[in-house]
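Undergrad: Have a look at this one before I ask anything.
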Amino acid sequence: MRLVVVGNGMAGSRLISEVRARDPHMKITVFGAETCRPYNRILLSNVLAGSSRPEQVRLVDPAWYEAHDVEAAFGSAVAWIDRETRHVVTEDGRREPYDLLVLATGSDAIVPPIPGVDRAIPFRTLEDCERIMAAAEHARGAVVVGGGLLGIEAARGLAGRGLPVTLLHLAGHLMERQLDSEAGVVLGETLAGLGVGIRTGVSASQVEEGGVRLDDGELVEADLVVLACGVRPVTKQAADAGLEVRRGVVVDDEMRTDDPSIFAIGECAEHDGTVYGLVAPAWEQAVVAAEVITGGKARYRGSRLVTRLKAKSVELAAMGETHLGEEHAEVVRFSHRARGTYRKLVIRDGRLVGAILLGESDAVGTLTQLFDRGGQVPGDRAGLLFPGLSSAPVTDSPTLMPDAATICRCNNVTKGQIRACWEAGARDVAGVAAATRATTGCGTCRDAVEGIVGWLCEQEGISV
Amino acid sequence: MPGSDVTATHCPYCALQCGMEIGPGVAITPRTDIPANASGALCQKGWTAGELLTNGERLTTPLLHGEPVAWDVALDYVADRLSAIRAEHGPDAVAVFGGGGLTNEKAYSLGKFARVALGTSQIDYNGRFCMSSAAAASIRAFGMDRGMPFPITDLAEADVVLLAGANVAETMPPFVRHVTGPRVIVIDPRRTQTAKLAWLHLQPAPGTDLALALGLLHLAVADDLVDEAYVGARTSGFEEVRTSLSAWWPERVERITGVPVHQMRQAVRAMAAVDKAYILTGRGAEQHAKGTDTVTAYINLALALGLPGRLGSGYGCVTGQGNGQGGREHGQKADQLPGYRKIDDPAARAHMAEVWGIAAEDIPGPGRSAYELLDALGTREGPRALLLFGSNPIISAPASEHVADRIAALDLLVTCDFVMSETAALADVVFPVTQWAEEGGTMTNLEGRVLLRQRAVAPPEGVRSDLDVISALAARLGHRFETEPVKVFDELRRASAGGPADYSGITYERITAETGVFWPCPTLDHPGTPRPFLDSFATPDGRARFVPVQHRPPAEEIDADYPLYLSTGRVLAHYQSGAQTRRIAPLVRAAPEPYVELHPDLAEQLDIGPGDVVRVSSRRGEAKAVARISDAIRRDTVFMPFHWEGANRLTNPALDPTSRMPEFKVSAVRVERDS
């Protein structure tokens with residue numbers, strides 16, 4: 001069995017390791033258009049922000065391919081697929097036969113067709129990232145075009161390097177696909193506080209030497225312009241080969257295209273009408289495809305989407321149907337703009353179907369898992385939004401505790417027993433310990449015992 | 001103390017092995033010369049341990065099919081049956097199962113008895129269910145497994161101590177006294193008594209500790225907190241680990257574990273910011289089908305932060321059973337020979353053959369691991385007879401109803417016990433044996449400190465030591481075994497000489513004079529080794545090894561039919577299967593019955609109130625217990641203590657590929673109010 005994988009990015013490299021883990025013998029060849037080893041695209045914003053070095057985002061060690069008997073061709077883009085003879089043909093003319101083929105071609109950055117756009121740098125690949133960083137060294141100001149997840153991370157990263165940054169966004173508020181308008185505004189305010197100027201509802205008409213010209217003629221000055229205007233699935237090879245392509249390469253629940261020997265996964269694939277642009281679905285698809293390719297049974301049923309912004313001092317998680325209002329669902333909301341806090345839960349039929357959490361919150365893990373699993377939402381909504389609220393430790397003064405309360409857990413001693421012990425003459429911790437063994441285990445109840453004994457002595461003093 | 005009516009010895013329970021004195025009327029007082037509890041601490045189990053000696057439920061006569069018989073009758077019967085079964089089915093038809101509570105002398109004798117007298121490869125012990133994952137990970141990283149490779153008193157000097165799945169406030173309360181100074185970080189799906197004392201508590205979903213450890217290490221790398229000088233000088237393999245971490249960015253880990261990124265960052269920064277820090281793992285991290293890799297991930301984190309082998313810092317495993325450490329060193333483990341040698345190592349076999357006076361090729365090879373052994377009992381391929389020492393698998397093994405079926409299928413079950421445990425009740429032959437203060441012998445505590453258990457009281461009439469039983473059976477099979485603990489220890493010293501766990505320089509006299517001796521201790525004038533890794537690790541190149549590991553989900557994920565995680569664990573008042581502690585009145589009063597802990601929101605959804613009887617079911621069985629409602633537990637998880645029959649009917653016997661540890665800490669269950 002000969003497996004050929006087109007694309008050695010996050011989806012392709014994951015697929016290869018999943019296949020190899022299941023089948024040590026299958027012949028595997030992977031073609032990657034980029035000249036470097038696979039890296040974690042998710043972490044590029046950290047690289048841009050300077051918190052990670054480029055070598056820290058590699059997903060595969062150089063020695064991995066040989067150790068796992070995988071042939072990897074770097075900088076070798078596949079030009080077309082010969083389905084008749086089952087070969088792929090690379091741009092440099094190599095013909096490679098396959099029995100099974102996986103397309104993991106990912107997507108390309110969208111570059112808006114405006115004059116001067118080649119002065120701008122798209123933010124998509126590690127190479128892009130390195131170009132932006134090099135330019136940022138000497139830049140006096142930057143503009144980021146596009147206020148989606150990636151644009152915000154890029155803008156925050158550049159601002160963190162001390163560069164004045166303006167973020168231009170076409171829609172009325174940031175991340176409009178994931179956030180409602182109030183969240184978008186609170187997020188904008190948070191970013192503004194970190195040195196990112198936010199301009200929403202604006203459209204760039206031209207990139208000039210001095211900056212970006214808006215539709216209304218205004219020039220937003222910058223000598224570094226970064227594009228984060230979204231991505232488009234790379235489907236050309238699939239379309240040329242006559243596979244069914246809509247927005248992405250159409251696949252079934254086994255990640256197969258309409259040619260049973262060809263699979264597609266990741267950002268180039270369209271499953272059940274959806275093209276996913278996040279890594280979690282791509283990896284889930286890679287696991288399904290690997291299982292099917294190695295003779296197992298697996299089905300991909302779609303993914304729940306959780307968007308988590310990675311930008312220093314900006315905590316944001318958004319998931320599911322965040323736009324639903326009170327008329328369609330139960331909405332629980334807390335907003336405190338001055339603190340950059342906005343929390344929203346969207347609940348339907350007792351299940352969490354959407355949430356926005358802006359600002360640091362201990363609830364994020366619990367809510368994400370509740371959303372992922374479709375579990376029942378507890379009746380106490382406030383406890384969900386504010387964990388710790390209901391479980392705040394009741395720091396009862398030992399004097400107010402009932403006699404039945406356990407004071408020393410290690411030796412199972414109640415307040416009543418300590419009182420009885422005091423009444424029998426013990427006047428200090430040592431006396432209580434000798435009689436009840438309280439405080440002799442882990443020792444953490446010592447203060448409580450001391451408090452009770454002291455209080456009892458005080459009472460005595462008063463009554464005398 | 002010689003010449004007085006007070007005897008210095010140690011607590012019969014956990015691996016802390018608190019020092020205690022037994023006086024007239026079995027009155028117990030804590031010793032102050034043993035570092036584990038030098039402050040005079042004891043928990044309720046320790047204080048009430050004397051009741052074990054006076055308890056009326058003591059076995060005092062051998063039982064043959066439930067009827068009292070003379071010792072010789074029982075011994076002859078067992079020896080005849082063993083010989084017949086061996087003759088018919090071969091030596092591997094007889095299996096031996098030991099325990100982590102047995103003294104080093106008993107553990108050694110038992111291993112020798114299996115290999116030499118029975119010639120069987122089929123020996124393992126309940127320690128497999130205890131520290132085996134940490135042991136495997138430590139050997140992989142450091143070349144040696146000594147639970148805590150530093151004295152416990154070092155902990156007090158630390159700035160930060162991270163406890164991953166270790167609930168010491170419940171399991172070994174005096175331990176807490178050693179960590180009141182440092183900032184404590186606790187990782188546990190429950191807000192345990194230990195977590196309540198902590199500076200920071202991370203509360204991951206059950207079965208996700210490995211992902212959390214990877215996320216912490218990812219942050220250490222991403223935030224430039226790695227001790228590069230240490231990594232360069234004292235370790236190997238970091239580059240591969242560094243690359244493998246790219247796939248475990250914190251936001252992904254947050255989604256898997258439920259632990260917020262900012263809490264992970266807080267934990268890593270706290271550890272990296274200080275000079276002295278420890279990472280300790282317990283059963284919560286280890287008792288999984290990926291326990292070895294989980295511990296490895298924590299060791300990797302410790303190595304990246306430059307902790308192991310540095311004075312005042314390190315990694316350690318908080319061993320559980322009384323002699324959990326020694327019990328895993330001297331040959332009652334399926335793949336092991338005394339001195340922590342490997343049974344498939346030709347040099348080790350040659351050494352042991354010489355000590356035992358047999359040919360190396362006559363020493364059997366590795367046998368089945370604990371659960372695999374229990375699972376094979378009475379099957380066509382498996383053992384037909386089982387000799388059981390110091391263990392109660394009907395309560396403590398996973399999928400316990402299945403294990404009970406396997407035990408019922410045996411031709412012969414023989415147990416050594418001092419009370420009628422649930423497993424002893426099923427035995428063809430029960431030998432009544434001495435316990436704790438009625439016998440001498442050594443115990444190796446969680447620090448690797450070898451301690452002396454001294455005989456304080458005479459055993460009841462009719463009771464003999466496990467060493468006597470082993471020797472009497474060996475004699476009937478044509479072998480001579482020592483019965484005096486000190487003589488067995490002398491043989492153990494010779495057997496361990498030159499091995500990783502070298503006891504050859506340790507004597508009873510030295511232990512008494514020095515209040516314990518740390519192994520390795522190769523000669524009589526060697527001071528022992530409190531901190532074995534300060535100069536170099538026990539690997540061939542002296543460097544600690546980073547090993548890349550990847551997270552994977554629990555062996556059994558929750559689904560629509562079994563929508564909740566079950567986690568199991570301990571309560572303060574009881575020890576292990578409860579065979580001892582469930583017979584002591586004050587402990588029964590403190591913790592009278594099995595319970596299920598569940599979150600108030602879950603209880604509301606299931607219409608369960610405090611005190612209701614609930615039915616918990618998994619794919620393997622069903623158990624009933626009383627509901628306790630507490631917001632200390634996650635909404636998606638219920639907890640049951642395993643000291644009573646029930647909890648382990650539910651647990652999953654999926655095994656770790658390396659350590660063969662079962663997945664005790666996470667299984668999928670359904671919970672209903674019992675109508």
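By order in the structure tokens, chains are A, B, ...; within a chain, residues start at 1; ligands start at 1, following the order shown.
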Tell me as a short mmCIF file (atom, residue, chain, number, x, y, z; two decimals) with N, CA and C atoms, in the first residue's frame which residues belonging to chain B come within 7 Å of chain A, counting only C-alpha atoms.
TA:
data_model
loop_
_atom_site.label_atom_id
_atom_site.label_comp_id
_atom_site.auth_asym_id
_atom_site.auth_seq_id
_atom_site.Cartn_x
_atom_site.Cartn_y
_atom_site.Cartn_z
N ALA B 41 4.05 13.48 65.77
CA ALA B 41 2.74 13.38 65.14
C ALA B 41 2.34 11.94 64.90
N LEU B 42 1.03 11.71 64.96
CA LEU B 42 0.42 10.45 64.51
C LEU B 42 -0.99 10.79 64.05
N CYS B 43 -1.50 10.05 63.11
CA CYS B 43 -2.92 10.22 62.78
C CYS B 43 -3.73 9.22 63.57
N GLN B 44 -5.04 9.27 63.38
CA GLN B 44 -5.90 8.40 64.17
C GLN B 44 -5.60 6.92 63.93
N ALA B 169 -2.90 14.99 53.06
CA ALA B 169 -3.61 15.34 54.30
C ALA B 169 -4.55 14.23 54.71
N PRO B 173 -1.36 12.01 57.13
CA PRO B 173 -1.44 13.36 57.69
C PRO B 173 -0.13 13.96 58.20
N PRO B 174 0.71 13.20 58.93
CA PRO B 174 1.93 13.86 59.42
C PRO B 174 2.84 14.39 58.31
N PHE B 175 2.67 13.91 57.08
CA PHE B 175 3.42 14.43 55.93
C PHE B 175 3.22 15.94 55.80
N VAL B 176 1.98 16.37 56.09
CA VAL B 176 1.64 17.79 55.90
C VAL B 176 2.59 18.70 56.67
N ARG B 177 3.06 18.21 57.82
CA ARG B 177 3.95 19.03 58.64
C ARG B 177 5.25 19.37 57.92
N ALA B 222 7.79 27.97 26.42
CA ALA B 222 7.36 29.17 25.70
C ALA B 222 7.73 30.44 26.46
N ASP B 223 7.67 30.38 27.77
CA ASP B 223 7.95 31.58 28.57
C ASP B 223 9.42 31.65 29.01
N GLU B 240 14.05 16.54 21.51
CA GLU B 240 12.89 15.80 21.01
C GLU B 240 11.63 16.12 21.83
N THR B 243 10.31 19.61 20.85
CA THR B 243 9.51 19.58 19.63
C THR B 243 8.13 18.98 19.91
N SER B 244 8.11 17.89 20.69
CA SER B 244 6.82 17.22 20.92
C SER B 244 5.85 18.12 21.67
N SER B 246 5.20 21.21 21.03
CA SER B 246 4.53 22.19 20.17
C SER B 246 3.06 21.88 20.00
N ALA B 247 2.74 20.59 20.10
CA ALA B 247 1.35 20.19 19.90
C ALA B 247 0.50 20.40 21.16
N GLU B 251 -3.85 26.62 25.45
CA GLU B 251 -5.29 26.74 25.20
C GLU B 251 -5.89 25.39 24.80
N GLU B 254 -6.13 23.50 28.03
CA GLU B 254 -7.27 24.02 28.81
C GLU B 254 -8.57 23.31 28.41
N ARG B 255 -8.74 23.12 27.10
CA ARG B 255 -9.97 22.51 26.62
C ARG B 255 -10.05 21.03 27.03
N GLY B 258 -9.79 21.33 31.33
CA GLY B 258 -10.68 22.23 32.06
C GLY B 258 -9.93 23.16 33.00
N VAL B 259 -8.61 23.13 33.00
CA VAL B 259 -7.82 24.03 33.86
C VAL B 259 -7.51 25.30 33.08
N PRO B 260 -7.93 26.46 33.59
CA PRO B 260 -7.69 27.71 32.86
C PRO B 260 -6.20 27.97 32.62
N LEU B 572 -9.17 9.14 55.43
CA LEU B 572 -8.15 9.18 56.48
C LEU B 572 -8.22 7.98 57.41
N ALA B 590 -15.38 6.91 62.79
CA ALA B 590 -14.96 8.07 61.99
C ALA B 590 -15.40 7.94 60.54
N ASP B 601 -24.83 20.45 42.07
CA ASP B 601 -25.55 20.62 40.80
C ASP B 601 -25.91 19.27 40.20
N ASP B 631 -19.38 20.46 47.03
CA ASP B 631 -18.92 21.21 45.85
C ASP B 631 -17.40 21.14 45.71
#
Undergrad: Got a sec to tell me which of range 423-516 of chain B DSSP assigns to strand (DSSP E), as a list in words?
TA: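 DSSP-assigned strand (DSSP E) residues in range 423-516 of chain B: Val429, Val430, Phe431, Pro432, Gly441, Thr442, Met443, Thr444, Arg449, Val450, Leu451, Leu452 and Arg453 of chain B.
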Undergrad: List as a tab-separated table (two decimals) with all heavy atoms, in the first residue's frame the protein and nucleic acid residues near Met172 in chain B, meaning an atom at most 12 Å away when only C-alpha atoms are counted, but skip any in the same chain fewer than 6 places from it.
TA:
chain	number	residue	atom	x	y	z
A	410	CYS	N	-7.70	14.68	61.47
A	410	CYS	CA	-6.77	13.55	61.54
A	410	CYS	C	-7.12	12.62	62.68
A	410	CYS	O	-6.86	11.42	62.62
A	410	CYS	CB	-5.35	14.05	61.70
A	410	CYS	SG	-4.79	15.04	60.33
A	441	GLY	N	-2.02	15.16	64.28
A	441	GLY	CA	-1.87	14.57	62.96
A	441	GLY	C	-1.15	15.53	62.04
A	441	GLY	O	0.05	15.78	62.19
A	442	CYS	N	-1.88	16.13	61.09
A	442	CYS	CA	-1.24	17.05	60.14
A	442	CYS	C	-0.89	18.37	60.81
A	442	CYS	O	-0.05	19.11	60.32
A	442	CYS	CB	-2.13	17.28	58.93
A	442	CYS	SG	-3.54	18.36	59.21
A	443	GLY	N	-1.55	18.65	61.93
A	443	GLY	CA	-1.18	19.84	62.70
A	443	GLY	C	-1.85	21.14	62.26
A	443	GLY	O	-1.66	22.18	62.89
B	11	CYS	N	4.70	2.43	62.83
B	11	CYS	CA	3.27	2.27	62.59
B	11	CYS	C	3.04	1.16	61.55
B	11	CYS	O	3.83	0.99	60.63
B	11	CYS	CB	2.71	3.60	62.08
B	11	CYS	SG	0.95	3.57	61.68
B	13	TYR	N	0.86	1.01	59.23
B	13	TYR	CA	0.14	1.39	58.02
B	13	TYR	C	1.03	1.98	56.92
B	13	TYR	O	1.88	1.29	56.38
B	13	TYR	CB	-1.03	2.32	58.38
B	13	TYR	CG	-2.04	1.66	59.28
B	13	TYR	CD1	-2.22	2.10	60.60
B	13	TYR	CD2	-2.82	0.59	58.84
B	13	TYR	CE1	-3.17	1.50	61.43
B	13	TYR	CE2	-3.75	-0.01	59.67
B	13	TYR	CZ	-3.93	0.45	60.96
B	13	TYR	OH	-4.85	-0.14	61.78
B	14	CYS	N	0.88	3.27	56.62
B	14	CYS	CA	1.35	3.82	55.34
B	14	CYS	C	2.87	3.94	55.22
B	14	CYS	O	3.62	3.65	56.16
B	14	CYS	CB	0.70	5.16	55.07
B	14	CYS	SG	1.45	6.53	55.98
B	15	ALA	N	3.30	4.41	54.07
B	15	ALA	CA	4.73	4.45	53.74
B	15	ALA	C	5.52	5.49	54.50
B	15	ALA	O	6.73	5.54	54.42
B	15	ALA	CB	4.89	4.72	52.23
B	16	LEU	N	4.81	6.33	55.26
B	16	LEU	CA	5.53	7.28	56.10
B	16	LEU	C	6.27	6.52	57.22
B	16	LEU	O	7.33	6.93	57.65
B	16	LEU	CB	4.52	8.28	56.69
B	16	LEU	CG	4.98	9.68	57.04
B	16	LEU	CD1	5.73	10.32	55.88
B	16	LEU	CD2	3.77	10.52	57.44
B	17	GLN	N	5.67	5.41	57.67
B	17	GLN	CA	6.26	4.57	58.72
B	17	GLN	C	6.65	5.40	59.94
B	17	GLN	O	7.81	5.37	60.40
B	17	GLN	CB	7.45	3.77	58.17
B	17	GLN	CG	7.03	2.62	57.26
B	17	GLN	CD	6.26	1.55	58.04
B	17	GLN	OE1	6.78	0.88	58.91
B	17	GLN	NE2	4.97	1.42	57.72
B	18	CYS	N	5.68	6.13	60.46
B	18	CYS	CA	5.92	6.96	61.64
B	18	CYS	C	6.51	6.10	62.76
B	18	CYS	O	6.08	4.96	62.99
B	18	CYS	CB	4.60	7.56	62.13
B	18	CYS	SG	3.96	8.84	61.05
B	36	ALA	N	10.28	11.23	59.87
B	36	ALA	CA	8.95	11.32	59.25
B	36	ALA	C	7.95	11.95	60.19
B	36	ALA	O	7.08	12.72	59.77
B	36	ALA	CB	8.48	9.93	58.81
B	37	ASN	N	8.04	11.63	61.48
B	37	ASN	CA	7.10	12.21	62.46
B	37	ASN	C	7.85	12.69	63.70
B	37	ASN	O	7.38	12.52	64.83
B	37	ASN	CB	6.00	11.21	62.83
B	37	ASN	CG	6.54	10.01	63.61
B	37	ASN	OD1	7.63	9.52	63.31
B	37	ASN	ND2	5.78	9.55	64.59
B	41	ALA	N	4.05	13.48	65.77
B	41	ALA	CA	2.74	13.38	65.14
B	41	ALA	C	2.34	11.94	64.90
B	41	ALA	O	3.17	11.07	64.68
B	41	ALA	CB	2.76	14.13	63.81
B	42	LEU	N	1.03	11.71	64.96
B	42	LEU	CA	0.42	10.45	64.51
B	42	LEU	C	-0.99	10.79	64.05
B	42	LEU	O	-1.60	11.72	64.57
B	42	LEU	CB	0.32	9.42	65.63
B	42	LEU	CG	1.58	8.72	66.14
B	42	LEU	CD1	1.19	7.77	67.27
B	42	LEU	CD2	2.27	7.94	65.03
B	43	CYS	N	-1.50	10.05	63.11
B	43	CYS	CA	-2.92	10.22	62.78
B	43	CYS	C	-3.73	9.22	63.57
B	43	CYS	O	-3.20	8.41	64.32
B	43	CYS	CB	-3.15	10.08	61.28
B	43	CYS	SG	-3.05	8.38	60.68
B	44	GLN	N	-5.04	9.27	63.38
B	44	GLN	CA	-5.90	8.40	64.17
B	44	GLN	C	-5.60	6.92	63.93
B	44	GLN	O	-5.70	6.10	64.85
B	44	GLN	CB	-7.37	8.71	63.85
B	44	GLN	CG	-8.31	8.12	64.90
B	44	GLN	CD	-9.76	8.47	64.64
B	44	GLN	OE1	-10.12	8.98	63.57
B	44	GLN	NE2	-10.61	8.21	65.61
B	45	LYS	N	-5.21	6.58	62.73
B	45	LYS	CA	-4.86	5.18	62.44
B	45	LYS	C	-3.68	4.74	63.30
B	45	LYS	O	-3.67	3.65	63.84
B	45	LYS	CB	-4.51	4.99	60.95
B	45	LYS	CG	-5.67	5.18	60.00
B	45	LYS	CD	-5.39	4.61	58.62
B	45	LYS	CE	-4.35	5.39	57.85
B	45	LYS	NZ	-4.80	6.68	57.34
B	46	GLY	N	-2.69	5.61	63.38
B	46	GLY	CA	-1.52	5.29	64.17
B	46	GLY	C	-1.85	5.17	65.66
B	46	GLY	O	-1.46	4.20	66.32
B	166	ALA	N	-1.73	13.70	44.79
B	166	ALA	CA	-1.32	13.17	46.10
B	166	ALA	C	-2.11	13.89	47.18
B	166	ALA	O	-1.95	15.10	47.35
B	166	ALA	CB	0.18	13.35	46.31
B	178	HIS	N	5.60	18.57	56.92
B	178	HIS	CA	6.84	18.83	56.19
B	178	HIS	C	6.66	19.87	55.08
B	178	HIS	O	7.63	20.28	54.47
B	178	HIS	CB	7.39	17.52	55.59
B	178	HIS	CG	7.75	16.51	56.63
B	178	HIS	ND1	8.92	16.58	57.35
B	178	HIS	CD2	7.09	15.43	57.11
B	178	HIS	CE1	8.98	15.57	58.21
B	178	HIS	NE2	7.87	14.86	58.09
B	193	GLN	N	-8.73	17.55	51.04
B	193	GLN	CA	-8.22	18.21	52.25
B	193	GLN	C	-6.86	18.83	51.96
B	193	GLN	O	-6.53	19.90	52.46
B	193	GLN	CB	-8.10	17.19	53.39
B	193	GLN	CG	-9.44	16.73	53.93
B	193	GLN	CD	-10.32	17.88	54.40
B	193	GLN	OE1	-9.83	18.86	54.96
B	193	GLN	NE2	-11.61	17.78	54.14
B	194	THR	N	-6.07	18.17	51.13
B	194	THR	CA	-4.75	18.71	50.79
B	194	THR	C	-4.91	19.97	49.93
B	194	THR	O	-4.23	20.98	50.14
B	194	THR	CB	-3.93	17.65	50.04
B	194	THR	OG1	-4.02	16.43	50.74
B	194	THR	CG2	-2.48	18.07	49.92
B	282	GLY	N	1.50	11.24	43.13
B	282	GLY	CA	0.85	10.22	43.93
B	282	GLY	C	-0.03	9.38	43.03
B	282	GLY	O	0.04	9.47	41.79
B	318	VAL	N	5.27	9.80	46.04
B	318	VAL	CA	4.80	9.60	47.40
B	318	VAL	C	4.26	8.17	47.50
B	318	VAL	O	3.12	7.91	47.22
B	318	VAL	CB	3.71	10.62	47.77
B	318	VAL	CG1	3.32	10.45	49.23
B	318	VAL	CG2	4.19	12.04	47.51
B	319	THR	N	5.15	7.28	47.89
B	319	THR	CA	4.78	5.86	47.97
B	319	THR	C	3.64	5.66	48.96
B	319	THR	O	3.51	6.39	49.94
B	319	THR	CB	6.02	5.05	48.37
B	319	THR	OG1	6.93	5.06	47.27
B	319	THR	CG2	5.67	3.62	48.72
B	320	GLY	N	2.80	4.65	48.69
B	320	GLY	CA	1.59	4.47	49.48
B	320	GLY	C	1.70	3.46	50.60
B	320	GLY	O	1.56	3.79	51.78
B	321	GLN	N	1.95	2.20	50.26
B	321	GLN	CA	1.90	1.15	51.27
B	321	GLN	C	3.11	1.18	52.19
B	321	GLN	O	4.17	1.69	51.83
B	321	GLN	CB	1.85	-0.22	50.59
B	321	GLN	CG	0.56	-0.47	49.82
B	321	GLN	CD	0.43	-1.93	49.44
B	321	GLN	OE1	0.10	-2.76	50.27
B	321	GLN	NE2	0.69	-2.23	48.19
B	322	GLY	N	2.91	0.59	53.36
B	322	GLY	CA	3.92	0.63	54.41
B	322	GLY	C	5.31	0.28	53.92
B	322	GLY	O	6.27	0.98	54.17
B	446	LEU	N	8.99	5.72	52.41
B	446	LEU	CA	8.87	6.44	51.14
B	446	LEU	C	10.13	7.22	50.75
B	446	LEU	O	10.31	7.56	49.60
B	446	LEU	CB	7.65	7.37	51.17
B	446	LEU	CG	7.73	8.70	51.93
B	446	LEU	CD1	6.45	9.48	51.71
B	446	LEU	CD2	8.00	8.54	53.40
B	570	ARG	N	-8.88	7.35	48.82
B	570	ARG	CA	-8.80	6.95	50.23
B	570	ARG	C	-9.49	7.93	51.17
B	570	ARG	O	-9.64	9.09	50.83
B	570	ARG	CB	-7.33	6.91	50.64
B	570	ARG	CG	-6.57	5.79	50.03
B	570	ARG	CD	-5.12	6.22	49.79
B	570	ARG	NE	-4.66	5.67	48.52
B	570	ARG	CZ	-4.08	4.49	48.39
B	570	ARG	NH1	-3.84	3.75	49.42
B	570	ARG	NH2	-3.75	4.06	47.21
B	571	VAL	N	-9.83	7.45	52.35
B	571	VAL	CA	-10.21	8.34	53.44
B	571	VAL	C	-9.24	8.13	54.59
B	571	VAL	O	-8.58	7.10	54.69
B	571	VAL	CB	-11.67	8.10	53.92
B	571	VAL	CG1	-12.65	8.35	52.79
B	571	VAL	CG2	-11.83	6.70	54.48
B	572	LEU	N	-9.17	9.14	55.43
B	572	LEU	CA	-8.15	9.18	56.48
B	572	LEU	C	-8.22	7.98	57.41
B	572	LEU	O	-7.21	7.43	57.82
B	572	LEU	CB	-8.34	10.48	57.26
B	572	LEU	CG	-7.20	10.98	58.13
B	572	LEU	CD1	-7.27	12.49	58.25
B	572	LEU	CD2	-7.18	10.34	59.50
B	573	ALA	N	-9.44	7.56	57.75
B	573	ALA	CA	-9.58	6.57	58.82
B	573	ALA	C	-9.26	5.15	58.36
B	573	ALA	O	-9.14	4.26	59.19
B	573	ALA	CB	-10.99	6.62	59.39
B	574	HIS	N	-9.13	4.94	57.05
B	574	HIS	CA	-8.94	3.55	56.60
B	574	HIS	C	-7.68	3.38	55.77
B	574	HIS	O	-7.16	4.33	55.21
B	574	HIS	CB	-10.17	3.07	55.83
B	574	HIS	CG	-11.36	2.91	56.71
B	574	HIS	ND1	-11.43	1.97	57.71
B	574	HIS	CD2	-12.52	3.62	56.78
B	574	HIS	CE1	-12.59	2.09	58.34
B	574	HIS	NE2	-13.27	3.08	57.81
B	575	TYR	N	-7.25	2.12	55.74
B	575	TYR	CA	-6.02	1.77	55.05
B	575	TYR	C	-6.31	0.66	54.07
B	575	TYR	O	-6.87	-0.38	54.43
B	575	TYR	CB	-4.98	1.32	56.07
B	575	TYR	CG	-3.65	0.90	55.47
B	575	TYR	CD1	-2.83	1.85	54.86
B	575	TYR	CD2	-3.24	-0.42	55.50
B	575	TYR	CE1	-1.61	1.46	54.31
B	575	TYR	CE2	-2.02	-0.80	54.96
B	575	TYR	CZ	-1.22	0.15	54.36
B	575	TYR	OH	-0.02	-0.22	53.82
Undergrad: Near range 536-540 of chain B, within 8 Å and counting only C-alpha atoms, which residues show up once chain neighbours fewer than 6 positions away are dropped, as an mmCIF file with N, CA and C atoms, in the first residue's frame?
TA:
data_model
loop_
_atom_site.group_PDB
_atom_site.id
_atom_site.type_symbol
_atom_site.label_atom_id
_atom_site.label_comp_id
_atom_site.auth_asym_id
_atom_site.auth_seq_id
_atom_site.Cartn_x
_atom_site.Cartn_y
_atom_site.Cartn_z
ATOM 1 N N PHE B 142 15.755 8.217 35.440
ATOM 2 C CA PHE B 142 16.914 8.350 36.324
ATOM 3 C C PHE B 142 17.763 7.086 36.388
ATOM 4 N N GLY B 143 17.264 6.001 35.786
ATOM 5 C CA GLY B 143 17.993 4.743 35.840
ATOM 6 C C GLY B 143 17.774 4.003 37.150
ATOM 7 N N MET B 144 16.942 4.548 38.027
ATOM 8 C CA MET B 144 16.734 3.954 39.338
ATOM 9 C C MET B 144 15.440 4.512 39.924
ATOM 10 N N ARG B 234 23.121 18.075 32.623
ATOM 11 C CA ARG B 234 22.735 16.898 33.408
ATOM 12 C C ARG B 234 21.681 16.007 32.753
ATOM 13 N N GLY B 309 18.121 15.949 41.435
ATOM 14 C CA GLY B 309 19.556 15.836 41.660
ATOM 15 C C GLY B 309 20.210 17.125 42.107
#
Undergrad: Write out as a VMD selection string the residues lying within 9 Å of Ser391 in chain B, counting only C-alpha atoms and excluding same-chain residues fewer than 5 positions away.
TA: chain B and resid 97 to 101 125 to 126 396 415 to 417 421 423 577
Undergrad: Return as a PyMOL selection string the full set of residues in range 488-659 of chain B whose backbone-based DSSP assignment is alpha helix (DSSP H).
TA: chain B and resi 488-496+508-514+585-590+600-606+647-650
Undergrad: Would you mind telling me which residue in A:Gly461, A:Pro122, A:Gly116, A:Gly32 lies nearest to Val78 in chain A when using only C-alpha atoms?
TA: A:Gly32
